[in-house]
Amino acid sequence: MRWSAAGRPAAEGADRTRPRALLRAAVVIPLLVAPLVGGPTGTPPAARAAPPVPAAAPALPAPPGTEDATDEDRPVRIDVGRLEPRTVTPGAVVTVAGTLTNAGNSTITDLAVRLQRGDVRTSRAELAAEELDADPATTVLAPFQDVPGSLAPGAEVEFSYAVPAADLRIAEDGVYPVLVNVNGVVGDDEQRRVGELSTYVVQQPVVPTARTAVAWLWPVVERPHRSASGGFRDDDLAASIDSGGRLDRVVAVLERLPGAVPPGGGQPVPALPVTLAVDPALVEELTIMAAGPYAVDGVDGAGQGTETASLFLERLRALADVHDVVALSYADVDADALVAAGLTDVLVRSLPGNGEGAPDGAAPPEAGPDAGAEGNGPGGRLVAEALEVEPRTDVAWAAGGSHRSDTLDVLRSRGVEQVVLGSDGLSEGRSAVGLAGVTAAAHTSVATASGPVDALVADAALSRVVGNAEQTAGGARLAEQRYLAELAVLTMQAPAGTEQTLLIAPPRDVEAGPDGAGAMMAGTAELPWLRPGSVAELGSSPSAPAGEAVDAVDAVRLDEAGLADVVTAVAARHDLAGAVIGDADAALATFDAAVSRTTSVAWRADPENFRKASIGLREAMDRLRGRVTLLAPADGTYSLASSDAPLVLTVQNDLPFAVEVLLRIQTRGGRGLFVADIGAQSLEPGERTTLQVDTEVRQSGGFAVTAELTTPGGALLGERIQMQVKSTAYGSISLIITFGAAALLGLLFLRRLVLFLLRRRRAAAAPDLPETVPQGVPLSSPPTRSPV
């Protein structure tokens with residue numbers, strides 16, 4: 001017999017539109033079993049894969065890429081607050097309770113609810129296969145139960161539905177897809193299905209034949225809130241750690257875990273060991289906030305999170321006292337983006353360890369304050385001091401679940417002994433989580449160019465279920481049931497007497513809550529077929545092959561335009577490092593920390609603000625280089641008193657470390673004034689230095705001069721200065737002309753003297769003439785002078 005959309009018998013040709021809510025839930029939770037329906041199918045797959053967005057908002061905001069489960073055909077949204085029992089036992093009563101909300105525009109009357117189930121599933125592969133071929137969930141149809149009242153547009157009504165497990169004919173152990181089917185009359189229409197929601201009913205053996213050990217890697221991470229200059233750009237962190245904020249809920253989930261009091265009394269120990277993955281940059285920001293009034297966006301004392309940060313650090317210390325702690329890279333940098341951009345040194349400086357095992361024995365430069373426990377890098381020391389615990393610094397957790405092979409090689413060579421990858425980041429990752437084969441093993445080894453590196457495989461699908469639990473269609477309780485269903489089939493498919501190992505590592509921006517992640521963690525410790533494990537324990541469990549590291553095709557990376565600005569800023573940093581006298585890495589640690597904050601994986605999802613942060617980083621380096629500069633004369637003119645008088649220039653070094661610089665002076669035309677090369681000059685931090693430059697003036701007058709400071713690598717420091725150098729002294733050419741003219745005048749005077757003396761001598765040697773002229777001798781006339 002076929003059934004209509006309302007769940008009643010239908011005649012031939014009746015509408016057999018397949019319900020779509022289950023496939024929409026599959027969008028919310030990756031690998032979720034596809035639509036489970038209460039009637040025959042007929043809608044093509046393409047139609048089922050395009051869930052519409054309703055006008056009304058869901059009770060919790062949907063995560064990116066997900067949509068609400070209501071539309072014009074299904075105007076009722078179902079939110080489940082209670083689904084019991086978590087695992088069915090003989091004689092149990094299955095109860096579903098929650099609220100029905102009318103997201104449509106018409107009043108709905110004659111409401112009724114029922115459960116209907118599909119065929120049993122006993123393996124993870126079968127659950128995953130339903131995404132492609134959904135079970136119509138019509139194997140068993142429980143009776144409808146009326147819901148009192150009607151639903152006006154936007155109104156909601158509570159409902160509760162209970163049915164004996166026997167009525168659902170749950171006899172075989174396994175996981176049963178079930179559908180919450182809501183019928184009603186919309187306006188003047190006939191009764192039909194107005195809402196639907198899929199979930200699971202789980203039945204496990206009374207005495208489990210196998211077990212699954214589940215370990216948790218819990219992120220305590222937040223996007224950087226400090227700019228490249230070191231100040232807070234916003235006060236959003238204060239809101240995140242305040243009551244109800246994201247980080248507050250992340251910590252509250254762990255604080256509410258059930259605990260056991262050790263024999264002899266003392267502080268309760270959590271029944272579930274959770275490994276905290278802590279970002280050192282977050283701890284640093286909290287420490288700055290807790291220290292007292294802090295500026296926000298340049299406004300002194302504008303920060304409101306001092307007291308909250310102090311209390312939050314105390315909460316973190318209490319958790320670190322009973323849970324293992326792993327220090328992530330400083331600011332949780334995007335390792336793949338850095339390696340791909342040729343910024344391997346930035347990645348190395350950001351690692352929390354001390355760089356043991358690095359090529360040539362070089363320790364990574366500092367990325368933060370130089371303090372803390374010996375053997376840790378800067379990030380590790382930040383976490384150790386703030387949380388008063390010794391964190392692991394040899395673990396690298398791949399954001400997004402995958403790492404490039406060259407990234408893994410860099411990490412291994414710089415002291416990382418274990419990496420955490422997602423099952424999507426390995427060529428045979430499905431086998432590691434029991435999606436291919438019958439066993440699950442979270443411990444494996446991955447080959448790199450420099451040798452194998454130990455690896456833990458996080459279950460990508462379940463990690464996303466945990467991360468999106470608070471936004472799951474139907475509520476966090478259904479996310480928990482999905483979690484239990486996956487673990488149930490994983491345990492059932494394993495050979496008797498074996499134990500599977502599984503690692504759950506939620507996304508960095510996990511939205512946690514007690515009904516979602518908190519309930520999942522608690523269930524791990526309470527159910528007999530599950531066992532709490534730890535990350536350290538998984539690392540010592542038997543290793544199984546999981547293939548090679550693969551770079552996900554759809555992996556998100558940092559924006560290329562922003563990354564180009566980072567490359568420019570880092571190149572300028574390297575050039576400035578060549579000018580530093582002493583330990584350049586220690587001197588530039590503050591800027592290196594800014595580089596790490598700018599390249600955090602948190603910016604993958606926010607390319608616009610990443611580009612702004614990258615521009616700010618480049619400008620910060622320009623300001624840093626501008627703190628070493630020449631001081632120009634007050635009136636822009638400098639006078640030389642003599643031809644070899646030195647040119648005296650003043651240099652200001654406002655940097656907190658000494659640098660070595662070169663002075664370049666150029667004269668326009670290059671004639672008349674020649675300047676000596678004084679070589680590299682050392683400038684002490686925070687002081688003015690006078691430089692005397694030997695000069696040679698070869699002609700008097702004014703000279704246009706350009707002077708600048710550069711690093712030994714040739715990059716400009718500060719600004720070029722233009723000045724006019726004047727000289728009234730004779731240069732060598734002027735002196736040559738002057739002395740030449742004087743010599744010529746002397747020679748001319750000597751010539752006239754010689755001629756004069758010669759004339760005198762000739763006159764003295766001539767015979768005496770008679771005093772009278774004899775008669776008859778004509779008088780000679782004076783000679784005619786030439787006009788020339």
# chains A, B, ... in the order shown; residues from 1 in each chain; ligands from 1
>>> residues_around(residues="region 293-306 of chain A", least_positions_apart="4", cutoff="10 Å", atoms="only C-alpha atoms", output="list in words")
His225, Arg226, Ser227, Gly231, Phe232, Arg233, Asp234, Asp235, Asp236, Leu237, Ala238, Ala239, Ser240, Ile241, Asp242, Leu286, Thr287, Ile288, Met289, Ser310, Leu311 and Phe312 of chain A
>>> write_last_selection(atoms="N, CA and C atoms", output="mmCIF file, in the first residue's frame")
data_model
loop_
_atom_site.group_PDB
_atom_site.id
_atom_site.type_symbol
_atom_site.label_atom_id
_atom_site.label_comp_id
_atom_site.auth_asym_id
_atom_site.auth_seq_id
_atom_site.Cartn_x
_atom_site.Cartn_y
_atom_site.Cartn_z
ATOM 1 N N HIS A 225 42.639 40.077 17.820
ATOM 2 C CA HIS A 225 41.940 41.348 17.984
ATOM 3 C C HIS A 225 42.913 42.525 18.063
ATOM 4 N N ARG A 226 44.199 42.259 17.903
ATOM 5 C CA ARG A 226 45.194 43.331 17.963
ATOM 6 C C ARG A 226 45.715 43.630 16.570
ATOM 7 N N SER A 227 45.982 44.892 16.333
ATOM 8 C CA SER A 227 46.497 45.326 15.036
ATOM 9 C C SER A 227 47.991 45.080 14.964
ATOM 10 N N GLY A 231 48.086 47.356 19.381
ATOM 11 C CA GLY A 231 46.914 47.791 20.117
ATOM 12 C C GLY A 231 45.665 47.026 19.699
ATOM 13 N N PHE A 232 44.653 47.051 20.544
ATOM 14 C CA PHE A 232 43.401 46.377 20.230
ATOM 15 C C PHE A 232 42.628 47.186 19.199
ATOM 16 N N ARG A 233 42.259 46.541 18.109
ATOM 17 C CA ARG A 233 41.464 47.222 17.085
ATOM 18 C C ARG A 233 39.989 47.256 17.457
ATOM 19 N N ASP A 234 39.567 46.318 18.326
ATOM 20 C CA ASP A 234 38.187 46.287 18.791
ATOM 21 C C ASP A 234 38.167 45.636 20.170
ATOM 22 N N ASP A 235 36.993 45.621 20.775
ATOM 23 C CA ASP A 235 36.838 45.021 22.104
ATOM 24 C C ASP A 235 35.927 43.795 22.038
ATOM 25 N N ASP A 236 35.921 43.135 20.886
ATOM 26 C CA ASP A 236 35.046 41.981 20.692
ATOM 27 C C ASP A 236 35.441 40.794 21.561
ATOM 28 N N LEU A 237 36.712 40.703 21.920
ATOM 29 C CA LEU A 237 37.128 39.594 22.771
ATOM 30 C C LEU A 237 36.441 39.675 24.133
ATOM 31 N N ALA A 238 36.240 40.883 24.625
ATOM 32 C CA ALA A 238 35.555 41.042 25.906
ATOM 33 C C ALA A 238 34.145 40.473 25.842
ATOM 34 N N ALA A 239 33.473 40.647 24.695
ATOM 35 C CA ALA A 239 32.127 40.093 24.540
ATOM 36 C C ALA A 239 32.164 38.579 24.412
ATOM 37 N N SER A 240 33.203 38.055 23.768
ATOM 38 C CA SER A 240 33.299 36.609 23.558
ATOM 39 C C SER A 240 33.516 35.852 24.858
ATOM 40 N N ILE A 241 34.233 36.445 25.804
ATOM 41 C CA ILE A 241 34.509 35.758 27.065
ATOM 42 C C ILE A 241 33.493 36.100 28.140
ATOM 43 N N ASP A 242 32.610 37.057 27.855
ATOM 44 C CA ASP A 242 31.581 37.420 28.823
ATOM 45 C C ASP A 242 30.492 36.354 28.832
ATOM 46 N N LEU A 286 44.437 38.070 26.481
ATOM 47 C CA LEU A 286 43.740 38.016 27.766
ATOM 48 C C LEU A 286 44.613 38.571 28.885
ATOM 49 N N THR A 287 45.906 38.262 28.839
ATOM 50 C CA THR A 287 46.837 38.752 29.862
ATOM 51 C C THR A 287 46.945 40.269 29.824
ATOM 52 N N ILE A 288 46.997 40.830 28.620
ATOM 53 C CA ILE A 288 47.067 42.292 28.478
ATOM 54 C C ILE A 288 45.789 42.929 29.017
ATOM 55 N N MET A 289 44.641 42.350 28.679
ATOM 56 C CA MET A 289 43.371 42.895 29.136
ATOM 57 C C MET A 289 43.259 42.824 30.659
ATOM 58 N N SER A 310 40.363 38.604 33.536
ATOM 59 C CA SER A 310 41.016 38.028 34.708
ATOM 60 C C SER A 310 40.286 36.774 35.175
ATOM 61 N N LEU A 311 38.962 36.841 35.217
ATOM 62 C CA LEU A 311 38.172 35.679 35.625
ATOM 63 C C LEU A 311 38.277 34.551 34.602
ATOM 64 N N PHE A 312 38.302 34.904 33.323
ATOM 65 C CA PHE A 312 38.386 33.885 32.282
ATOM 66 C C PHE A 312 39.726 33.151 32.353
#
>>> select_by_dssp(residues="region 196-327 of chain A", states="alpha helix (DSSP H)", output="ChimeraX atom specification")
/A:236-241,246-255,280-290,306-320
>>> closest_residue(among="A:Thr138, A:Val705, A:Ala210, A:Trp603", to="Ala496 (chain A)", atoms="only C-alpha atoms")
A:Ala210
>>> residues_around(residues="Val420 (chain A)", least_positions_apart="2", cutoff="8 Å", atoms="only C-alpha atoms", output="list in words")
Val395, Ala396, Trp397, Ala398, Gly401, Gln418, Gly422, Ala455, Leu456, Val457 and Ala458 of chain A
>>> write_last_selection(atoms="N, CA and C atoms", output="PDB file, in the first residue's frame")
ATOM      1  N   VAL A 395      52.956  19.238  18.818  1.00  0.00           N
ATOM      2  CA  VAL A 395      51.775  18.822  18.062  1.00  0.00           C
ATOM      3  C   VAL A 395      51.337  19.972  17.170  1.00  0.00           C
ATOM      4  N   ALA A 396      51.049  19.671  15.903  1.00  0.00           N
ATOM      5  CA  ALA A 396      50.516  20.666  14.965  1.00  0.00           C
ATOM      6  C   ALA A 396      49.167  20.178  14.462  1.00  0.00           C
ATOM      7  N   TRP A 397      48.148  20.989  14.654  1.00  0.00           N
ATOM      8  CA  TRP A 397      46.787  20.632  14.256  1.00  0.00           C
ATOM      9  C   TRP A 397      46.435  21.413  12.986  1.00  0.00           C
ATOM     10  N   ALA A 398      46.193  20.688  11.893  1.00  0.00           N
ATOM     11  CA  ALA A 398      45.908  21.321  10.605  1.00  0.00           C
ATOM     12  C   ALA A 398      44.512  21.931  10.613  1.00  0.00           C
ATOM     13  N   GLY A 401      41.773  20.496   8.394  1.00  0.00           N
ATOM     14  CA  GLY A 401      42.002  19.057   8.318  1.00  0.00           C
ATOM     15  C   GLY A 401      43.071  18.595   7.365  1.00  0.00           C
ATOM     16  N   GLN A 418      54.129  15.286  15.981  1.00  0.00           N
ATOM     17  CA  GLN A 418      52.818  14.697  15.703  1.00  0.00           C
ATOM     18  C   GLN A 418      51.921  15.745  15.070  1.00  0.00           C
ATOM     19  N   GLY A 422      42.537  15.819   9.322  1.00  0.00           N
ATOM     20  CA  GLY A 422      41.186  15.312   9.181  1.00  0.00           C
ATOM     21  C   GLY A 422      41.158  14.110   8.265  1.00  0.00           C
ATOM     22  N   ALA A 455      50.950  10.788  13.041  1.00  0.00           N
ATOM     23  CA  ALA A 455      49.727  11.550  12.774  1.00  0.00           C
ATOM     24  C   ALA A 455      48.542  10.930  13.488  1.00  0.00           C
ATOM     25  N   LEU A 456      47.597  11.795  13.872  1.00  0.00           N
ATOM     26  CA  LEU A 456      46.296  11.389  14.384  1.00  0.00           C
ATOM     27  C   LEU A 456      45.243  11.846  13.384  1.00  0.00           C
ATOM     28  N   VAL A 457      44.255  10.987  13.144  1.00  0.00           N
ATOM     29  CA  VAL A 457      43.223  11.277  12.155  1.00  0.00           C
ATOM     30  C   VAL A 457      41.943  11.658  12.879  1.00  0.00           C
ATOM     31  N   ALA A 458      41.490  12.877  12.683  1.00  0.00           N
ATOM     32  CA  ALA A 458      40.228  13.338  13.267  1.00  0.00           C
ATOM     33  C   ALA A 458      39.084  13.004  12.320  1.00  0.00           C
TER      34      ALA A 458
END
>>> closest_atom_pairs(of="region 372-470 of chain A", to="region 316-338 of chain A", cutoff="9 Å", atoms="only C-alpha atoms", output="JSON lines")
{"residue": "A:Pro378", "atom": "CA", "partner": "A:Tyr330", "partner_atom": "CA", "distance": 8.2}
{"residue": "A:Gly379", "atom": "CA", "partner": "A:Tyr330", "partner_atom": "CA", "distance": 5.5}
{"residue": "A:Gly380", "atom": "CA", "partner": "A:Ala327", "partner_atom": "CA", "distance": 5.9}
{"residue": "A:Val383", "atom": "CA", "partner": "A:Ala327", "partner_atom": "CA", "distance": 6.8}
{"residue": "A:Ala384", "atom": "CA", "partner": "A:Ala327", "partner_atom": "CA", "distance": 8.9}
{"residue": "A:Ala386", "atom": "CA", "partner": "A:Arg317", "partner_atom": "CA", "distance": 7.9}
{"residue": "A:Leu387", "atom": "CA", "partner": "A:Arg317", "partner_atom": "CA", "distance": 4.8}
{"residue": "A:Glu388", "atom": "CA", "partner": "A:Arg317", "partner_atom": "CA", "distance": 6.8}
{"residue": "A:Val389", "atom": "CA", "partner": "A:Ala320", "partner_atom": "CA", "distance": 6.7}
{"residue": "A:Glu390", "atom": "CA", "partner": "A:Val325", "partner_atom": "CA", "distance": 7.7}
{"residue": "A:Pro391", "atom": "CA", "partner": "A:Val325", "partner_atom": "CA", "distance": 5.0}
{"residue": "A:Arg392", "atom": "CA", "partner": "A:Val326", "partner_atom": "CA", "distance": 4.7}
{"residue": "A:Thr393", "atom": "CA", "partner": "A:Ala327", "partner_atom": "CA", "distance": 5.5}
{"residue": "A:Asp394", "atom": "CA", "partner": "A:Val326", "partner_atom": "CA", "distance": 8.3}
{"residue": "A:Val395", "atom": "CA", "partner": "A:Val326", "partner_atom": "CA", "distance": 7.0}
{"residue": "A:Ala396", "atom": "CA", "partner": "A:Leu328", "partner_atom": "CA", "distance": 6.7}
{"residue": "A:Trp397", "atom": "CA", "partner": "A:Leu328", "partner_atom": "CA", "distance": 7.4}
{"residue": "A:Ala398", "atom": "CA", "partner": "A:Ala335", "partner_atom": "CA", "distance": 8.1}
{"residue": "A:Ala399", "atom": "CA", "partner": "A:Asp334", "partner_atom": "CA", "distance": 7.6}
{"residue": "A:Ser402", "atom": "CA", "partner": "A:Asp336", "partner_atom": "CA", "distance": 8.9}
{"residue": "A:His403", "atom": "CA", "partner": "A:Asp336", "partner_atom": "CA", "distance": 6.3}
{"residue": "A:Arg404", "atom": "CA", "partner": "A:Asp336", "partner_atom": "CA", "distance": 6.2}
{"residue": "A:Asp406", "atom": "CA", "partner": "A:Asp336", "partner_atom": "CA", "distance": 8.5}
{"residue": "A:Thr407", "atom": "CA", "partner": "A:Asp336", "partner_atom": "CA", "distance": 6.0}
>>> write_last_selection(atoms="N, CA and C atoms", output="compact mmCIF listing (two decimals), in the first residue's frame")
# COMPACT_ATOMS: atom_id res chain seq x y z
N PRO A 378 58.52 30.75 22.14
CA PRO A 378 57.77 31.89 22.70
C PRO A 378 56.30 31.56 22.96
N GLY A 379 55.63 30.91 21.98
CA GLY A 379 54.24 30.57 22.17
C GLY A 379 54.03 29.62 23.32
N GLY A 380 54.88 28.61 23.41
CA GLY A 380 54.78 27.66 24.51
C GLY A 380 55.01 28.33 25.85
N VAL A 383 51.83 30.29 26.99
CA VAL A 383 50.81 29.41 27.55
C VAL A 383 51.24 28.89 28.91
N ALA A 384 52.52 28.51 29.05
CA ALA A 384 53.01 27.96 30.31
C ALA A 384 52.89 28.98 31.43
N ALA A 386 50.92 31.82 31.54
CA ALA A 386 49.57 32.31 31.79
C ALA A 386 48.70 31.25 32.46
N LEU A 387 48.86 29.99 32.05
CA LEU A 387 48.00 28.93 32.57
C LEU A 387 48.68 28.09 33.64
N GLU A 388 49.94 28.40 33.93
CA GLU A 388 50.68 27.70 34.98
C GLU A 388 50.69 26.19 34.75
N VAL A 389 51.00 25.81 33.52
CA VAL A 389 51.03 24.41 33.14
C VAL A 389 52.08 24.25 32.05
N GLU A 390 52.61 23.06 31.91
CA GLU A 390 53.59 22.79 30.85
C GLU A 390 52.86 22.19 29.65
N PRO A 391 52.64 22.94 28.59
CA PRO A 391 51.87 22.42 27.45
C PRO A 391 52.74 21.57 26.53
N ARG A 392 52.08 20.77 25.72
CA ARG A 392 52.78 20.09 24.63
C ARG A 392 53.01 21.09 23.51
N THR A 393 54.21 21.09 22.99
CA THR A 393 54.55 22.01 21.90
C THR A 393 55.02 21.27 20.66
N ASP A 394 54.84 19.97 20.64
CA ASP A 394 55.30 19.16 19.52
C ASP A 394 54.15 18.66 18.65
N VAL A 395 52.96 19.24 18.82
CA VAL A 395 51.78 18.82 18.06
C VAL A 395 51.34 19.97 17.17
N ALA A 396 51.05 19.67 15.90
CA ALA A 396 50.52 20.67 14.97
C ALA A 396 49.17 20.18 14.46
N TRP A 397 48.15 20.99 14.65
CA TRP A 397 46.79 20.63 14.26
C TRP A 397 46.43 21.41 12.99
N ALA A 398 46.19 20.69 11.89
CA ALA A 398 45.91 21.32 10.61
C ALA A 398 44.51 21.93 10.61
N ALA A 399 44.43 23.23 10.44
CA ALA A 399 43.13 23.90 10.31
C ALA A 399 42.49 23.46 9.00
N SER A 402 43.66 19.49 6.57
CA SER A 402 44.66 19.05 5.60
C SER A 402 45.89 19.94 5.63
N HIS A 403 47.01 19.36 5.24
CA HIS A 403 48.28 20.08 5.09
C HIS A 403 48.93 19.66 3.77
N ARG A 404 49.58 20.62 3.14
CA ARG A 404 50.41 20.31 1.98
C ARG A 404 51.57 19.43 2.42
N ASP A 406 54.66 19.67 1.51
CA ASP A 406 55.84 20.46 1.85
C ASP A 406 55.67 21.14 3.21
N THR A 407 54.42 21.43 3.59
CA THR A 407 54.18 21.98 4.92
C THR A 407 54.51 20.95 6.00
>>> residues_around(residues="region 433-437 of chain A", least_positions_apart="4", cutoff="12 Å", atoms="only C-alpha atoms", output="ChimeraX atom specification")
/A:31,122-129,212-214,422-424,426-429,441-444,456-463,486-495,500-504,544-546
>>> closest_atom_pairs(of="region 444-553 of chain A", to="region 188-202 of chain A", cutoff="7 Å", atoms="only C-alpha atoms", output="CSV")
residue,atom,partner,partner_atom,distance
A:Gly474,CA,A:Leu197,CA,6.9
A:Leu478,CA,A:Thr199,CA,6.3
A:Gln481,CA,A:Tyr200,CA,6.4
A:Arg482,CA,A:Tyr200,CA,6.7
A:Ala485,CA,A:Val202,CA,6.2
>>> write_last_selection(atoms="C-alpha atoms", output="JSON list (two decimals), in the first residue's frame")
[["chain", "number", "residue", "atom", "x", "y", "z"],
["A", 474, "GLY", "CA", 15.64, 20.67, 14.91],
["A", 478, "LEU", "CA", 19.23, 15.90, 17.20],
["A", 481, "GLN", "CA", 21.52, 11.71, 18.34],
["A", 482, "ARG", "CA", 23.35, 11.80, 15.02],
["A", 485, "ALA", "CA", 24.08, 6.89, 15.73]]
>>> select_by_dssp(residues="region 492-704 of chain A", states="strand (DSSP E)", output="PyMOL selection string")
chain A and resi 499-504+530-532+628-631+637-640+647-653+659-667+673-675+681-683+687-693+695-697+701-704
>>> atom_distance(atom1="CA of Val601 (chain A)", atom2="CA of Ser350 (chain A)")
12.7 Å
>>> atom_distance(atom1="CA of Ser405 (chain A)", atom2="CA of Asp345 (chain A)")
16.8 Å
>>> residues_around(residues="Asp583 (chain A)", least_positions_apart="2", cutoff="12 Å", atoms="only C-alpha atoms", output="CSV table (one decimal) with N, CA, C and O atoms, in the first residue's frame")
chain,number,residue,atom,x,y,z
A,365,PRO,N,63.2,32.1,15.5
A,365,PRO,CA,63.1,33.4,16.1
A,365,PRO,C,61.9,33.5,17.0
A,365,PRO,O,60.9,32.8,16.9
A,366,GLU,N,61.9,34.6,17.8
A,366,GLU,CA,60.8,34.8,18.7
A,366,GLU,C,59.6,35.4,18.0
A,366,GLU,O,59.7,36.1,17.1
A,577,ALA,N,66.4,43.4,9.3
A,577,ALA,CA,67.1,42.5,10.2
A,577,ALA,C,68.6,42.5,9.9
A,577,ALA,O,69.5,42.4,10.8
A,578,GLY,N,69.0,42.7,8.6
A,578,GLY,CA,70.4,42.8,8.2
A,578,GLY,C,71.1,44.0,8.8
A,578,GLY,O,72.3,44.1,8.8
A,579,ALA,N,70.3,45.0,9.2
A,579,ALA,CA,70.9,46.2,9.8
A,579,ALA,C,71.0,46.2,11.3
A,579,ALA,O,71.6,47.0,11.9
A,580,VAL,N,70.3,45.2,11.9
A,580,VAL,CA,70.3,45.1,13.4
A,580,VAL,C,71.6,44.7,13.9
A,580,VAL,O,72.2,43.7,13.4
A,581,ILE,N,72.1,45.3,14.9
A,581,ILE,CA,73.4,44.9,15.6
A,581,ILE,C,73.0,44.0,16.8
A,581,ILE,O,72.3,44.4,17.7
A,585,ASP,N,66.4,38.6,15.5
A,585,ASP,CA,65.1,38.0,15.8
A,585,ASP,C,64.5,38.5,17.1
A,585,ASP,O,63.3,38.7,17.2
A,586,ALA,N,65.3,38.6,18.1
A,586,ALA,CA,64.8,39.2,19.4
A,586,ALA,C,64.4,40.6,19.2
A,586,ALA,O,63.4,41.1,19.8
A,587,ALA,N,65.2,41.4,18.5
A,587,ALA,CA,64.9,42.8,18.3
A,587,ALA,C,63.6,43.0,17.5
A,587,ALA,O,62.8,44.0,17.8
A,588,LEU,N,63.3,42.1,16.6
A,588,LEU,CA,62.1,42.3,15.8
A,588,LEU,C,61.0,41.3,16.2
A,588,LEU,O,60.0,41.1,15.4
A,589,ALA,N,61.0,40.8,17.4
A,589,ALA,CA,60.0,39.9,17.9
A,589,ALA,C,58.6,40.5,17.9
A,589,ALA,O,57.6,39.8,17.5
A,657,PHE,N,66.6,49.3,19.5
A,657,PHE,CA,67.8,48.5,19.3
A,657,PHE,C,68.8,49.2,18.4
A,657,PHE,O,68.4,50.1,17.6
A,658,ALA,N,70.0,48.8,18.5
A,658,ALA,CA,71.1,49.5,17.7
A,658,ALA,C,71.0,48.9,16.2
A,658,ALA,O,70.7,47.8,16.0
A,659,VAL,N,71.4,49.8,15.3
A,659,VAL,CA,71.4,49.4,13.9
A,659,VAL,C,72.6,49.9,13.2
A,659,VAL,O,73.3,50.9,13.7
>>> residues_around(residues="region 75-84 of chain A", least_positions_apart="4", cutoff="8 Å", atoms="only C-alpha atoms", output="list in words")
Pro58, Ala59, Ala69, Thr70, Asp71, Val93, Val94, Thr95, Val96, Ala97, Gly98, Thr99, Leu100, Thr101, Asn102, Ala103, Gly104, Val182, Val194, Gly195, Glu196, Leu197, Ala473, Gly474, Gly475, Arg477 and Leu478 of chain A
>>> residues_around(residues="Leu217 (chain A)", least_positions_apart="3", cutoff="8 Å", atoms="only C-alpha atoms", output="ChimeraX atom specification")
/A:274-277,503-506,535
>>> write_last_selection(atoms="C-alpha atoms", output="PDB file, in the first residue's frame")
ATOM      1  CA  VAL A 274      39.765  16.486  26.952  1.00  0.00           C
ATOM      2  CA  THR A 275      42.896  17.967  25.386  1.00  0.00           C
ATOM      3  CA  LEU A 276      42.768  21.760  25.143  1.00  0.00           C
ATOM      4  CA  ALA A 277      44.278  23.286  22.006  1.00  0.00           C
ATOM      5  CA  LEU A 503      39.393  11.453  17.468  1.00  0.00           C
ATOM      6  CA  ILE A 504      36.960  14.359  17.410  1.00  0.00           C
ATOM      7  CA  ALA A 505      38.434  17.788  16.700  1.00  0.00           C
ATOM      8  CA  PRO A 506      35.709  20.420  16.147  1.00  0.00           C
ATOM      9  CA  VAL A 535      44.937  12.421  22.583  1.00  0.00           C
TER      10      VAL A 535
END
>>> closest_residue(among="A:Ala165, A:Ala525, A:Ala569, A:Val628", to="Thr598 (chain A)", atoms="only C-alpha atoms")
A:Ala569
>>> closest_residue(among="A:Ile665, A:Leu576, A:Ala564, A:Met723", to="Phe610 (chain A)", atoms="only C-alpha atoms")
A:Ala564
>>> closest_residue(among="A:Val661, A:Val206, A:Ala571, A:Leu649", to="Leu631 (chain A)", atoms="only C-alpha atoms")
A:Leu649
>>> decode(residues="region 87-94 of chain A", atoms="N, CA and C atoms", output="PDB file, in the first residue's frame")
ATOM      1  N   THR A  87      19.482   5.458  23.752  1.00  0.00           N
ATOM      2  CA  THR A  87      19.547   4.120  23.170  1.00  0.00           C
ATOM      3  C   THR A  87      18.360   3.324  23.692  1.00  0.00           C
ATOM      4  N   VAL A  88      17.692   2.653  22.785  1.00  0.00           N
ATOM      5  CA  VAL A  88      16.469   1.932  23.114  1.00  0.00           C
ATOM      6  C   VAL A  88      16.806   0.596  23.773  1.00  0.00           C
ATOM      7  N   THR A  89      16.075   0.268  24.785  1.00  0.00           N
ATOM      8  CA  THR A  89      16.172  -1.031  25.448  1.00  0.00           C
ATOM      9  C   THR A  89      14.806  -1.705  25.397  1.00  0.00           C
ATOM     10  N   PRO A  90      14.747  -3.030  25.587  1.00  0.00           N
ATOM     11  CA  PRO A  90      13.446  -3.709  25.538  1.00  0.00           C
ATOM     12  C   PRO A  90      12.453  -3.096  26.520  1.00  0.00           C
ATOM     13  N   GLY A  91      11.242  -2.835  26.023  1.00  0.00           N
ATOM     14  CA  GLY A  91      10.197  -2.251  26.848  1.00  0.00           C
ATOM     15  C   GLY A  91      10.250  -0.743  26.947  1.00  0.00           C
ATOM     16  N   ALA A  92      11.192  -0.094  26.277  1.00  0.00           N
ATOM     17  CA  ALA A  92      11.331   1.360  26.355  1.00  0.00           C
ATOM     18  C   ALA A  92      10.218   2.052  25.593  1.00  0.00           C
ATOM     19  N   VAL A  93       9.972   3.295  25.967  1.00  0.00           N
ATOM     20  CA  VAL A  93       9.024   4.158  25.279  1.00  0.00           C
ATOM     21  C   VAL A  93       9.809   5.292  24.623  1.00  0.00           C
ATOM     22  N   VAL A  94       9.626   5.434  23.335  1.00  0.00           N
ATOM     23  CA  VAL A  94      10.320   6.504  22.605  1.00  0.00           C
ATOM     24  C   VAL A  94       9.491   7.778  22.719  1.00  0.00           C
TER      25      VAL A  94
END
